[in-house]
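> Provided herewith: input.cif, mmCIF, C-alpha atoms and all ligand atoms.
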data_target
loop_
_atom_site.label_atom_id
_atom_site.label_comp_id
_atom_site.auth_asym_id
_atom_site.auth_seq_id
_atom_site.Cartn_x
_atom_site.Cartn_y
_atom_site.Cartn_z
CA MET A 835 13.45 -117.74 91.03
CA LEU A 836 13.56 -119.24 94.52
CA ARG A 837 16.84 -120.86 95.52
CA PRO A 838 16.58 -123.61 98.16
CA PRO A 839 19.32 -123.17 100.79
CA ALA A 840 21.96 -125.82 101.51
CA SER A 841 20.67 -126.21 105.06
CA ILE A 842 18.52 -124.79 107.83
CA ILE A 843 20.28 -124.21 111.14
CA ILE A 844 19.06 -123.38 114.63
CA ALA A 845 20.92 -120.08 114.86
CA GLY A 846 19.86 -119.21 118.41
CA THR A 847 17.58 -120.39 121.20
CA GLY A 848 15.91 -118.75 124.19
CA SER A 849 13.46 -119.63 126.93
CA TYR A 850 11.49 -117.98 129.68
CA LEU A 851 10.01 -119.26 132.92
CA PRO A 852 7.70 -117.06 134.98
CA GLU A 853 9.00 -115.82 138.31
CA LYS A 854 6.47 -117.62 140.50
CA VAL A 855 7.62 -121.08 141.61
CA VAL A 856 4.95 -123.48 142.86
CA THR A 857 6.37 -126.40 144.83
CA ASN A 858 4.74 -129.77 145.40
CA ASP A 859 4.09 -128.70 148.98
CA ASP A 860 2.22 -125.67 147.59
CA MET A 861 0.14 -128.06 145.46
CA ALA A 862 -0.57 -130.17 148.55
CA ARG A 863 -2.24 -127.13 150.08
CA LEU A 864 -4.66 -127.02 147.11
CA VAL A 865 -5.49 -130.70 146.53
CA GLU A 866 -5.07 -133.94 148.43
CA THR A 867 -1.58 -134.89 147.33
CA SER A 868 1.99 -134.95 148.64
CA ASP A 869 5.48 -134.04 147.54
CA GLU A 870 6.38 -137.72 147.85
CA TRP A 871 3.54 -138.89 145.54
CA ILE A 872 4.23 -136.28 142.85
CA ARG A 873 8.01 -136.78 142.94
CA THR A 874 7.96 -140.57 142.78
CA ARG A 875 5.19 -140.80 140.13
CA THR A 876 6.37 -137.97 137.86
CA GLY A 877 9.81 -136.62 138.83
CA ILE A 878 8.32 -133.14 139.29
CA ARG A 879 9.41 -131.09 142.33
CA GLU A 880 8.16 -127.68 141.30
CA ARG A 881 6.73 -125.77 138.33
CA HIS A 882 6.36 -122.11 137.36
CA PHE A 883 3.00 -120.35 137.09
CA ALA A 884 2.60 -117.09 135.19
CA ALA A 885 1.42 -114.05 137.09
CA GLU A 886 -2.16 -112.91 136.73
CA GLY A 887 -2.30 -110.79 133.59
CA GLU A 888 0.93 -112.29 132.22
CA THR A 889 -0.18 -113.88 128.96
CA THR A 890 1.14 -116.58 126.65
CA SER A 891 2.27 -113.89 124.20
CA ASP A 892 4.14 -112.06 126.98
CA MET A 893 6.11 -115.21 127.80
CA ALA A 894 6.61 -115.94 124.09
CA THR A 895 7.97 -112.42 123.60
CA ALA A 896 10.49 -112.83 126.43
CA ALA A 897 11.75 -116.13 124.98
CA ALA A 898 11.81 -114.68 121.45
CA ASN A 899 13.95 -111.71 122.48
CA LYS A 900 16.52 -114.08 124.00
CA ALA A 901 16.59 -116.30 120.90
CA ILE A 902 17.05 -113.29 118.59
CA ALA A 903 19.91 -112.03 120.78
CA ALA A 904 21.52 -115.50 120.75
CA ALA A 905 21.21 -115.74 116.97
CA GLY A 906 22.91 -112.35 116.62
CA ILE A 907 20.62 -111.15 113.86
CA ALA A 908 18.64 -107.95 113.54
CA ARG A 909 14.90 -108.41 114.16
CA GLU A 910 14.24 -106.88 110.73
CA GLU A 911 15.82 -110.00 109.21
CA ILE A 912 13.06 -112.26 110.56
CA ASP A 913 10.47 -112.95 107.88
CA LEU A 914 8.34 -115.70 109.45
CA ILE A 915 6.82 -116.31 112.91
CA VAL A 916 5.28 -119.60 113.96
CA VAL A 917 3.90 -119.98 117.48
CA ALA A 918 2.90 -123.35 118.88
CA THR A 919 0.38 -123.15 121.68
CA MET A 920 -2.82 -124.73 122.96
CA THR A 921 -3.37 -121.84 125.37
CA PRO A 922 -3.44 -118.76 123.11
CA ASP A 923 -4.13 -115.33 124.59
CA MET A 924 -7.52 -115.51 122.86
CA PRO A 925 -9.11 -117.70 120.14
CA PHE A 926 -8.20 -115.08 117.53
CA PRO A 927 -6.19 -113.26 116.39
CA SER A 928 -3.31 -115.70 116.61
CA THR A 929 -0.72 -115.42 119.37
CA ALA A 930 1.88 -115.17 116.58
CA CYS A 931 0.34 -111.85 115.47
CA LEU A 932 0.45 -110.55 119.05
CA VAL A 933 4.08 -111.61 119.36
CA GLN A 934 4.92 -109.92 116.05
CA ALA A 935 3.77 -106.59 117.48
CA LYS A 936 5.28 -107.10 120.94
CA VAL A 937 8.72 -108.10 119.64
CA GLY A 938 8.56 -105.27 117.13
CA LEU A 939 8.97 -107.36 113.99
CA GLY A 940 8.04 -106.37 110.46
CA ASN A 941 4.71 -107.20 108.81
CA VAL A 942 5.81 -110.74 108.07
CA THR A 943 3.90 -114.04 107.85
CA ALA A 944 2.68 -115.01 111.33
CA PHE A 945 0.47 -117.90 112.40
CA ASP A 946 -0.17 -120.39 115.21
CA VAL A 947 0.18 -124.16 115.22
CA GLN A 948 -2.00 -126.27 117.49
CA ALA A 949 -0.52 -129.69 118.14
CA ALA A 950 -0.66 -129.53 121.96
CA CYS A 951 2.58 -130.83 123.52
CA SER A 952 4.01 -131.78 120.10
CA GLY A 953 3.61 -128.14 119.05
CA TYR A 954 7.26 -127.08 119.21
CA VAL A 955 8.41 -129.98 117.05
CA TYR A 956 5.51 -129.45 114.61
CA ALA A 957 6.32 -125.71 114.39
CA LEU A 958 10.02 -126.42 113.85
CA ASN A 959 9.17 -128.86 111.09
CA ILE A 960 6.75 -126.47 109.35
CA ALA A 961 9.09 -123.47 109.57
CA SER A 962 12.11 -125.42 108.33
CA SER A 963 10.10 -126.67 105.32
CA MET A 964 9.09 -123.09 104.53
CA LEU A 965 12.73 -121.98 104.75
CA GLN A 966 13.78 -124.95 102.65
CA SER A 967 11.51 -123.69 99.85
CA GLY A 968 13.73 -120.63 99.52
CA ALA A 969 10.81 -118.26 100.16
CA TYR A 970 11.93 -117.29 103.70
CA LYS A 971 15.34 -116.64 105.28
CA ASN A 972 14.94 -116.45 109.07
CA ALA A 973 12.06 -117.90 111.07
CA LEU A 974 11.13 -117.32 114.68
CA VAL A 975 9.72 -120.56 116.08
CA ILE A 976 8.07 -120.38 119.49
CA GLY A 977 6.43 -122.82 121.88
CA ALA A 978 4.54 -120.97 124.62
CA GLU A 979 1.99 -122.10 127.10
CA LYS A 980 0.04 -120.75 130.03
CA THR A 981 -1.52 -124.00 131.20
CA SER A 982 -2.32 -122.81 134.73
CA PRO A 983 -5.73 -121.22 133.86
CA ILE A 984 -6.99 -124.47 132.30
CA LEU A 985 -5.92 -126.69 135.21
CA ASP A 986 -8.68 -128.01 137.45
CA PHE A 987 -7.48 -127.50 141.00
CA GLN A 988 -10.14 -129.96 142.11
CA ASP A 989 -8.53 -132.76 140.04
CA ARG A 990 -5.32 -133.96 141.65
CA THR A 991 -4.63 -136.41 138.81
CA THR A 992 -3.92 -133.57 136.35
CA CYS A 993 -3.27 -130.25 138.11
CA VAL A 994 0.04 -131.36 139.64
CA LEU A 995 1.57 -132.18 136.25
CA PHE A 996 1.68 -128.92 134.30
CA GLY A 997 3.56 -125.62 134.36
CA ASP A 998 3.84 -122.39 132.37
CA GLY A 999 6.72 -121.21 130.19
CA ALA A 1000 7.95 -120.37 126.71
CA SER A 1001 10.77 -121.26 124.36
CA ALA A 1002 11.97 -119.90 121.06
CA ALA A 1003 14.42 -120.65 118.29
CA VAL A 1004 15.63 -118.64 115.32
CA LEU A 1005 15.95 -120.86 112.26
CA SER A 1006 18.19 -119.50 109.51
CA THR A 1007 19.17 -120.62 106.05
CA SER A 1008 22.83 -121.56 105.69
CA ALA A 1009 25.15 -122.16 102.77
CA GLN A 1010 26.98 -124.88 104.75
CA PRO A 1011 25.68 -128.28 103.64
CA GLY A 1012 24.99 -131.25 105.96
CA VAL A 1013 24.22 -129.29 109.12
CA GLY A 1014 21.12 -128.09 110.94
CA ILE A 1015 17.73 -129.74 110.64
CA LEU A 1016 18.45 -132.94 108.75
CA GLY A 1017 14.86 -134.12 108.73
CA SER A 1018 11.60 -134.24 110.56
CA ILE A 1019 8.54 -136.42 110.86
CA GLY A 1020 5.12 -135.98 112.38
CA GLY A 1021 1.98 -137.99 112.94
CA ALA A 1022 -1.45 -137.89 114.50
CA ASP A 1023 -4.27 -140.19 115.53
CA GLY A 1024 -7.48 -138.29 116.09
CA SER A 1025 -9.66 -141.34 116.75
CA ASN A 1026 -9.75 -140.88 120.52
CA PRO A 1027 -9.53 -137.16 121.33
CA GLU A 1028 -11.01 -137.56 124.84
CA LEU A 1029 -7.79 -139.15 126.08
CA LEU A 1030 -6.50 -135.62 126.67
CA TYR A 1031 -8.66 -132.59 125.95
CA GLN A 1032 -10.33 -129.38 127.01
CA PRO A 1033 -13.98 -130.03 126.15
CA GLY A 1034 -15.42 -126.53 126.62
CA GLY A 1035 -14.87 -123.18 124.99
CA GLY A 1036 -14.94 -124.24 121.33
CA THR A 1037 -17.88 -124.73 118.98
CA ALA A 1038 -18.74 -128.17 120.39
CA ILE A 1039 -19.42 -126.74 123.84
CA PRO A 1040 -19.44 -122.95 123.62
CA ALA A 1041 -18.73 -121.06 126.81
CA SER A 1042 -21.88 -120.76 128.90
CA VAL A 1043 -22.83 -120.64 132.53
CA ASP A 1044 -23.67 -124.36 132.30
CA SER A 1045 -20.33 -125.29 130.72
CA ILE A 1046 -18.48 -123.40 133.42
CA ASP A 1047 -20.56 -125.00 136.18
CA ALA A 1048 -19.71 -128.41 134.67
CA ARG A 1049 -15.97 -127.52 134.76
CA GLN A 1050 -15.71 -128.20 131.01
CA HIS A 1051 -13.10 -125.48 130.45
CA PHE A 1052 -10.46 -127.46 132.29
CA LEU A 1053 -7.99 -129.98 130.92
CA LYS A 1054 -9.12 -133.62 131.25
CA MET A 1055 -6.93 -136.66 130.80
CA ASN A 1056 -6.80 -140.43 130.93
CA GLY A 1057 -3.29 -140.53 132.40
CA LYS A 1058 -2.73 -144.28 132.31
CA GLU A 1059 -3.60 -144.63 128.63
CA ILE A 1060 -1.61 -141.54 127.63
CA PHE A 1061 1.41 -142.88 129.50
CA LYS A 1062 1.49 -146.10 127.47
CA LEU A 1063 0.87 -144.33 124.15
CA ALA A 1064 3.53 -141.71 124.90
CA VAL A 1065 6.27 -144.26 125.33
CA ARG A 1066 5.21 -146.19 122.22
CA VAL A 1067 4.85 -143.25 119.82
CA MET A 1068 8.04 -141.51 120.96
CA GLU A 1069 10.00 -144.73 120.50
CA GLN A 1070 8.49 -145.30 117.04
CA ALA A 1071 9.07 -141.69 115.92
CA SER A 1072 12.69 -141.73 117.15
CA LEU A 1073 13.53 -145.01 115.45
CA GLN A 1074 11.70 -144.02 112.25
CA ILE A 1075 13.58 -140.75 111.77
CA LEU A 1076 16.94 -142.36 112.56
CA ASP A 1077 16.19 -145.18 110.12
CA GLN A 1078 15.28 -142.67 107.39
CA HIS A 1079 18.79 -141.21 107.71
CA GLY A 1080 20.64 -144.53 108.01
CA LEU A 1081 21.48 -143.77 111.66
CA THR A 1082 20.99 -145.57 114.98
CA THR A 1083 20.49 -144.44 118.57
CA LYS A 1084 24.26 -144.79 119.04
CA ASP A 1085 24.81 -141.83 116.69
CA VAL A 1086 22.71 -139.48 118.84
CA ALA A 1087 24.67 -137.33 121.28
CA LEU A 1088 21.60 -136.03 123.10
CA PHE A 1089 17.88 -136.83 123.11
CA ILE A 1090 15.52 -133.96 123.95
CA PRO A 1091 12.18 -135.59 124.73
CA HIS A 1092 8.92 -133.86 125.64
CA GLN A 1093 8.93 -133.37 129.41
CA ALA A 1094 5.69 -134.96 130.61
CA ASN A 1095 6.76 -137.49 133.20
CA MET A 1096 10.22 -138.75 134.23
CA ARG A 1097 8.92 -142.32 134.21
CA ILE A 1098 7.90 -141.89 130.55
CA ILE A 1099 11.45 -140.73 129.72
CA GLU A 1100 12.95 -143.62 131.71
CA SER A 1101 10.73 -146.17 129.93
CA LEU A 1102 11.64 -144.66 126.56
CA ALA A 1103 15.37 -144.82 127.33
CA LYS A 1104 15.03 -148.40 128.52
CA ARG A 1105 13.06 -149.54 125.46
CA MET A 1106 15.59 -147.92 123.12
CA LYS A 1107 18.51 -149.27 125.20
CA VAL A 1108 20.01 -145.78 125.54
CA PRO A 1109 21.60 -144.68 128.84
CA LEU A 1110 19.32 -142.21 130.63
CA GLU A 1111 22.22 -139.73 130.82
CA ARG A 1112 21.78 -139.09 127.09
CA PHE A 1113 18.23 -137.78 127.69
CA HIS A 1114 18.02 -134.18 128.81
CA ASN A 1115 15.36 -133.56 131.43
CA ASN A 1116 14.17 -130.66 133.54
CA LEU A 1117 10.89 -132.06 134.83
CA ASP A 1118 11.93 -131.53 138.41
CA ARG A 1119 11.95 -127.73 137.91
CA CYS A 1120 9.41 -127.14 135.11
CA GLY A 1121 6.79 -129.86 135.09
CA ASN A 1122 5.03 -130.32 131.75
CA THR A 1123 5.04 -127.00 129.88
CA SER A 1124 3.29 -128.55 126.87
CA ALA A 1125 4.31 -126.87 123.58
CA ALA A 1126 7.12 -124.99 125.35
CA SER A 1127 8.72 -128.10 126.82
CA VAL A 1128 11.05 -129.40 124.09
CA GLY A 1129 12.26 -125.87 123.32
CA ILE A 1130 12.98 -125.05 126.97
CA ALA A 1131 14.90 -128.32 127.31
CA LEU A 1132 16.85 -127.61 124.10
CA ASP A 1133 17.75 -124.08 125.16
CA GLU A 1134 18.80 -125.29 128.59
CA ALA A 1135 20.90 -128.18 127.22
CA PHE A 1136 22.68 -125.86 124.80
CA ARG A 1137 23.39 -123.21 127.43
CA GLN A 1138 24.68 -125.90 129.82
CA GLY A 1139 27.22 -126.95 127.16
CA ARG A 1140 25.56 -130.33 126.60
CA ILE A 1141 25.39 -129.72 122.83
CA GLN A 1142 28.57 -129.12 120.81
CA SER A 1143 29.21 -128.40 117.16
CA GLY A 1144 28.84 -131.61 115.15
CA ASP A 1145 26.55 -133.29 117.71
CA LEU A 1146 23.46 -135.10 116.52
CA VAL A 1147 20.43 -134.08 118.60
CA LEU A 1148 17.06 -135.81 118.41
CA LEU A 1149 13.97 -133.88 119.50
CA VAL A 1150 10.88 -136.01 120.09
CA ALA A 1151 7.43 -135.18 121.39
CA PHE A 1152 3.86 -136.41 121.81
CA GLY A 1153 0.71 -134.68 122.92
CA ALA A 1154 -3.05 -134.37 122.80
CA GLY A 1155 -4.63 -135.33 119.52
CA LEU A 1156 -2.87 -137.73 119.76
CA THR A 1157 0.02 -136.03 117.98
CA TRP A 1158 3.70 -136.84 117.77
CA GLY A 1159 6.79 -135.63 115.98
CA ALA A 1160 10.56 -135.84 115.81
CA SER A 1161 13.34 -133.66 114.41
CA LEU A 1162 16.92 -134.64 113.80
CA VAL A 1163 19.44 -131.81 114.13
CA LYS A 1164 23.17 -131.84 113.41
CA TRP A 1165 24.45 -128.90 115.43
CA HIS A 1166 26.37 -126.45 113.23
C1 LIG B 1201 -1.00 -139.13 135.79
C2 LIG B 1201 0.01 -140.17 136.25
C3 LIG B 1201 1.18 -139.48 136.92
C4 LIG B 1201 -0.67 -141.08 137.24
O1 LIG B 1201 0.26 -142.05 137.69
P1 LIG B 1201 -0.19 -143.55 137.90
O2 LIG B 1201 0.97 -144.26 138.47
O3 LIG B 1201 -0.75 -144.02 136.58
O4 LIG B 1201 -1.29 -143.39 138.99
P2 LIG B 1201 -2.78 -143.93 138.93
O5 LIG B 1201 -3.56 -143.12 137.92
O6 LIG B 1201 -2.73 -145.42 138.77
O7 LIG B 1201 -3.26 -143.56 140.34
C5 LIG B 1201 -2.84 -144.30 141.46
C6 LIG B 1201 -3.52 -143.71 142.68
O8 LIG B 1201 -2.95 -142.42 142.96
C7 LIG B 1201 -4.01 -141.49 143.11
N1 LIG B 1201 -3.55 -140.18 142.67
C8 LIG B 1201 -3.64 -139.65 141.42
N2 LIG B 1201 -3.10 -138.42 141.42
C9 LIG B 1201 -2.64 -138.19 142.67
C10 LIG B 1201 -1.99 -137.13 143.28
N3 LIG B 1201 -1.67 -136.01 142.62
N4 LIG B 1201 -1.64 -137.25 144.57
C11 LIG B 1201 -1.94 -138.34 145.28
N5 LIG B 1201 -2.56 -139.39 144.75
C12 LIG B 1201 -2.91 -139.32 143.46
C13 LIG B 1201 -5.13 -142.02 142.26
O9 LIG B 1201 -6.36 -141.50 142.68
C14 LIG B 1201 -5.02 -143.51 142.51
O10 LIG B 1201 -5.61 -143.79 143.74
P3 LIG B 1201 -6.52 -145.12 143.89
O11 LIG B 1201 -5.60 -146.25 143.62
O12 LIG B 1201 -6.96 -145.01 145.30
O13 LIG B 1201 -7.60 -144.95 142.89
C15 LIG B 1201 0.51 -140.99 135.05
O14 LIG B 1201 -0.51 -141.84 134.58
C16 LIG B 1201 1.01 -140.16 133.93
O15 LIG B 1201 1.96 -139.41 134.05
N6 LIG B 1201 0.42 -140.30 132.73
C17 LIG B 1201 0.83 -139.54 131.57
C18 LIG B 1201 0.29 -138.16 131.68
C19 LIG B 1201 0.95 -137.22 130.73
O16 LIG B 1201 2.11 -137.29 130.50
N7 LIG B 1201 0.17 -136.30 130.20
C20 LIG B 1201 0.64 -135.28 129.36
C21 LIG B 1201 0.72 -135.73 127.95
S1 LIG B 1201 1.41 -134.52 126.93
#
For the file at hand, write its structure as structure tokens.
Ligand SMILES: CC(C)(COP(=O)(O)OP(=O)(O)OC[C@H]1O[C@@H](n2cnc3c(N)ncnc32)[C@H](O)[C@@H]1OP(=O)(O)O)[C@@H](O)C(=O)NCCC(=O)NCCS


Amino acid sequence: MLRPPASIIIAGTGSYLPEKVVTNDDMARLVETSDEWIRTRTGIRERHFAAEGETTSDMATAAANKAIAAAGIAREEIDLIVVATMTPDMPFPSTACLVQAKVGLGNVTAFDVQAACSGYVYALNIASSMLQSGAYKNALVIGAEKTSPILDFQDRTTCVLFGDGASAAVLSTSAQPGVGILGSIGGADGSNPELLYQPGGGTAIPASVDSIDARQHFLKMNGKEIFKLAVRVMEQASLQILDQHGLTTKDVALFIPHQANMRIIESLAKRMKVPLERFHNNLDRCGNTSAASVGIALDEAFRQGRIQSGDLVLLVAFGAGLTWGASLVKWH
């Protein structure tokens, strides 16, 4: 008989950023933009781009190895792999299967989650539910993204925003009650997918010479609309999950929001009346790394000593779909 554990903890985290740094001045050599415009509108100063031939699964593997080392468990103990990505190495097999082989894990359950920039939070929520069932003991949750190949370097309104990277967490069952992932929520509104999408390459517009000529394999976005929705859904998700647990924003030691735009984070903080200092951000160095973003920020915040035992941490994200999600974690 399956025995549900007392709690699910984040036993270790890791992240990886590719070596190549692309500054705003570098971007200004590609499209008509400036360091000043990008910095003041987004907070981004630079981002990392993966090397040619360096894949999403390569970055995921690097982050995974660090998370496993931080968790201090043997890789044989991992019995579940969930990878969140919208830029898989290939449509199939899943990036999770490729990571399984590259990290040298056993023949355990492995699959991808596609929730765009909400992917890490979605994956965390799915994996923790699977652990909560008692059927799994240690899950490797990864958010990894190589956005650079789907950026249109003829579209200055989008190409300056994104970067590449990966993040990972080992989730483990624990006998200690009241710690770890206290709860999670998710949501989606698929009524307006064109707000942020990659039209080509799927079954709607299969890859063809025409689709490539029409630049349909690149990311397209209505930035203004997404901005407004982002602030609204992240506020709602944060307040909803706190309310479900009888908590308020005052109880949260650190917010880890999706890193899309510094002005989105500032608006969110203002609307929730929380000092900006309680929001971790790394936009200046990473840009928007999509599904990797929340995990990179979490790993960074923990390694910088911003998260202590007993702290309540709220992860919140939004992304294409539209999707959104939040997780509430009491650090063990
Ligand atoms: C994209 C975004 C930064 C644009 O900022 P904005 O303040 O809304 O800017 P606007 O779209 O109003 O554009 C203002 C002007 O700047 C120009 N502009 C856009 N990108 C530019 C760039 N990289 N460099 C210079 N000028 C630029 C526009 O063409 C426009 O010029 P115009 O007034 O002559 O037409 C902002 O809307 C945003 O961040 N949205 C959310 C995007 C996001 O987070 N996506 C990821 C979701 S997971």

> Find the residues near ligand LIG 1201 (chain B). Use a cut-off of 8 Å, count only C-alpha atoms and all ligand atoms, and write them as a PDB file with C-alpha atoms, in the frame of the given file.


ATOM      1  CA  VAL A 865      -5.490-130.700 146.530  1.00  0.00           C
ATOM      2  CA  GLU A 866      -5.070-133.940 148.430  1.00  0.00           C
ATOM      3  CA  THR A 867      -1.580-134.890 147.330  1.00  0.00           C
ATOM      4  CA  SER A 868       1.990-134.950 148.640  1.00  0.00           C
ATOM      5  CA  TRP A 871       3.540-138.890 145.540  1.00  0.00           C
ATOM      6  CA  ILE A 872       4.230-136.280 142.850  1.00  0.00           C
ATOM      7  CA  ARG A 875       5.190-140.800 140.130  1.00  0.00           C
ATOM      8  CA  THR A 876       6.370-137.970 137.860  1.00  0.00           C
ATOM      9  CA  ALA A 950      -0.660-129.530 121.960  1.00  0.00           C
ATOM     10  CA  CYS A 951       2.580-130.830 123.520  1.00  0.00           C
ATOM     11  CA  SER A 952       4.010-131.780 120.100  1.00  0.00           C
ATOM     12  CA  ASP A 989      -8.530-132.760 140.040  1.00  0.00           C
ATOM     13  CA  ARG A 990      -5.320-133.960 141.650  1.00  0.00           C
ATOM     14  CA  THR A 991      -4.630-136.410 138.810  1.00  0.00           C
ATOM     15  CA  THR A 992      -3.920-133.570 136.350  1.00  0.00           C
ATOM     16  CA  CYS A 993      -3.270-130.250 138.110  1.00  0.00           C
ATOM     17  CA  VAL A 994       0.040-131.360 139.640  1.00  0.00           C
ATOM     18  CA  LEU A 995       1.570-132.180 136.250  1.00  0.00           C
ATOM     19  CA  LEU A1030      -6.500-135.620 126.670  1.00  0.00           C
ATOM     20  CA  MET A1055      -6.930-136.660 130.800  1.00  0.00           C
ATOM     21  CA  ASN A1056      -6.800-140.430 130.930  1.00  0.00           C
ATOM     22  CA  GLY A1057      -3.290-140.530 132.400  1.00  0.00           C
ATOM     23  CA  LYS A1058      -2.730-144.280 132.310  1.00  0.00           C
ATOM     24  CA  GLU A1059      -3.600-144.630 128.630  1.00  0.00           C
ATOM     25  CA  ILE A1060      -1.610-141.540 127.630  1.00  0.00           C
ATOM     26  CA  PHE A1061       1.410-142.880 129.500  1.00  0.00           C
ATOM     27  CA  LYS A1062       1.490-146.100 127.470  1.00  0.00           C
ATOM     28  CA  ALA A1064       3.530-141.710 124.900  1.00  0.00           C
ATOM     29  CA  HIS A1092       8.920-133.860 125.640  1.00  0.00           C
ATOM     30  CA  GLN A1093       8.930-133.370 129.410  1.00  0.00           C
ATOM     31  CA  ALA A1094       5.690-134.960 130.610  1.00  0.00           C
ATOM     32  CA  ASN A1095       6.760-137.490 133.200  1.00  0.00           C
ATOM     33  CA  ARG A1097       8.920-142.320 134.210  1.00  0.00           C
ATOM     34  CA  ILE A1098       7.900-141.890 130.550  1.00  0.00           C
ATOM     35  CA  ASN A1122       5.030-130.320 131.750  1.00  0.00           C
ATOM     36  CA  SER A1124       3.290-128.550 126.870  1.00  0.00           C
ATOM     37  CA  PHE A1152       3.860-136.410 121.810  1.00  0.00           C
ATOM     38  CA  GLY A1153       0.710-134.680 122.920  1.00  0.00           C
ATOM     39  CA  ALA A1154      -3.050-134.370 122.800  1.00  0.00           C
TER      40      ALA A1154
END

> What is the atom CA of A:Gln988 to atom CA of A:Ser1042 distance in Å?

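Pair atom CA of A:Gln988 / atom CA of A:Ser1042 returns 19.9 Å.
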
> In Å, with one decimal, what is the gap from atom CA of A:Ala862 to atom CA of A:Ile878?

13.2 Å

> Between atom CA of A:Arg909 and atom CA of A:Gly938, what is the spacing in Å?

7.7 Å

> Excluding same-chain residues fewer than 2 positions from stretch 1079-1086 of chain A, what lies within 9 Å of it counting all atoms listed in the file, as a PyMOL selection string?

chain A and resi 1016-1017+1072-1077+1088-1089+1106-1108+1112+1145-1148

> Excluding A:Thr981 and its own-chain neighbours fewer than 5 positions away, which residues fall within 7 Å of it when counting all atoms listed in the file? Please give them as a PyMOL selection string.

chain A and resi 921+996-998

> Put those residues in a file: C-alpha atoms, as a short mmCIF file (atom, residue, chain, number, x, y, z; two decimals), in the frame of the given file.


data_model
loop_
_atom_site.label_atom_id
_atom_site.label_comp_id
_atom_site.auth_asym_id
_atom_site.auth_seq_id
_atom_site.Cartn_x
_atom_site.Cartn_y
_atom_site.Cartn_z
CA THR A 921 -3.37 -121.84 125.37
CA PHE A 996 1.68 -128.92 134.30
CA GLY A 997 3.56 -125.62 134.36
CA ASP A 998 3.84 -122.39 132.37
#

> May I have the residues at most 9 Å from (3.6, -140.3, 114.3) in the file's coordinates, counting only C-alpha atoms, as a PyMOL selection string?

chain A and resi 1019-1023+1067-1068+1070-1071+1152+1156-1160

> Can you work out which one of A:Ala908, A:Cys1120, A:Val1043, A:Met964 has the shortest atom-to-atom distance to A:His882, counting all atoms listed in the file?

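So, comparing all the options, the nearest one is A:Cys1120.
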
> Would you kindly return, as JSON, numbers by chain, each protein, DNA or RNA residue with an atom no farther than 12 Å from any atom of A:Thr889, considering all atoms listed in the file and excluding same-chain residues fewer than 4 positions away?

{"A": [852, 883, 884, 885, 893, 894, 895, 896, 919, 921, 922, 923, 924, 929, 932, 933, 936, 978, 979, 980, 981, 982, 983, 998, 999, 1000]}

> Which residue, A:Gln966, A:Arg1105, A:Val1128, A:Phe987, has the smallest gap to A:Leu836 when you use all atoms listed in the file?

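Ranking A:Gln966, A:Arg1105, A:Val1128, A:Phe987 by distance to A:Leu836, first place goes to A:Gln966.
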
> Residues within 9 Å of A:Ser1143, please, as a short mmCIF file (atom, residue, chain, number, x, y, z; two decimals) with C-alpha atoms, in the coordinates of the input. Count only C-alpha atoms; anything in the same chain fewer than 5 positions from it doesn't count.


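After the write, around_24.cif holds the following:
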data_model
loop_
_atom_site.label_atom_id
_atom_site.label_comp_id
_atom_site.auth_asym_id
_atom_site.auth_seq_id
_atom_site.Cartn_x
_atom_site.Cartn_y
_atom_site.Cartn_z
CA LYS A 1164 23.17 -131.84 113.41
CA TRP A 1165 24.45 -128.90 115.43
CA HIS A 1166 26.37 -126.45 113.23
#

> Box for stretch 973-979 of chain A - axis-aligned, 8 Å on each of the six sides, all listed atoms - centre and size in Å to one decimal, as JSON.


{"center_x": 7.0, "center_y": -120.1, "center_z": 119.1, "size_x": 26.1, "size_y": 21.5, "size_z": 32.0}

> Return the single residue from A:Ala904, A:Val1163, A:Leu1117, A:Ile1015 that is closest to A:Thr847, with distances computed using all atoms listed in the file.

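For A:Thr847, the nearest of the given residues is A:Ala904.
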
> Taking all atoms listed in the file into account, which of A:Leu1063, A:Ala901, A:Leu1053, A:Ala1125 comes nearest A:Val947?

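So, comparing all the options, the nearest one is A:Ala1125.
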
> Restricting the calculation to all atoms listed in the file, which member of A:Asn972, A:Ser962, A:Asn1026, A:Gln1032 is positioned closest to A:Ala905?

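Looking only at the distances to A:Ala905, the closest residue turns out to be A:Asn972.
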
> Can you work out which one of A:Ala957, A:Ala918, A:Ala1009, A:Ile1046 has the shortest atom-to-atom distance to A:Ser1161, counting all atoms listed in the file?

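Closest to A:Ser1161, using all atoms listed in the file: A:Ala957.
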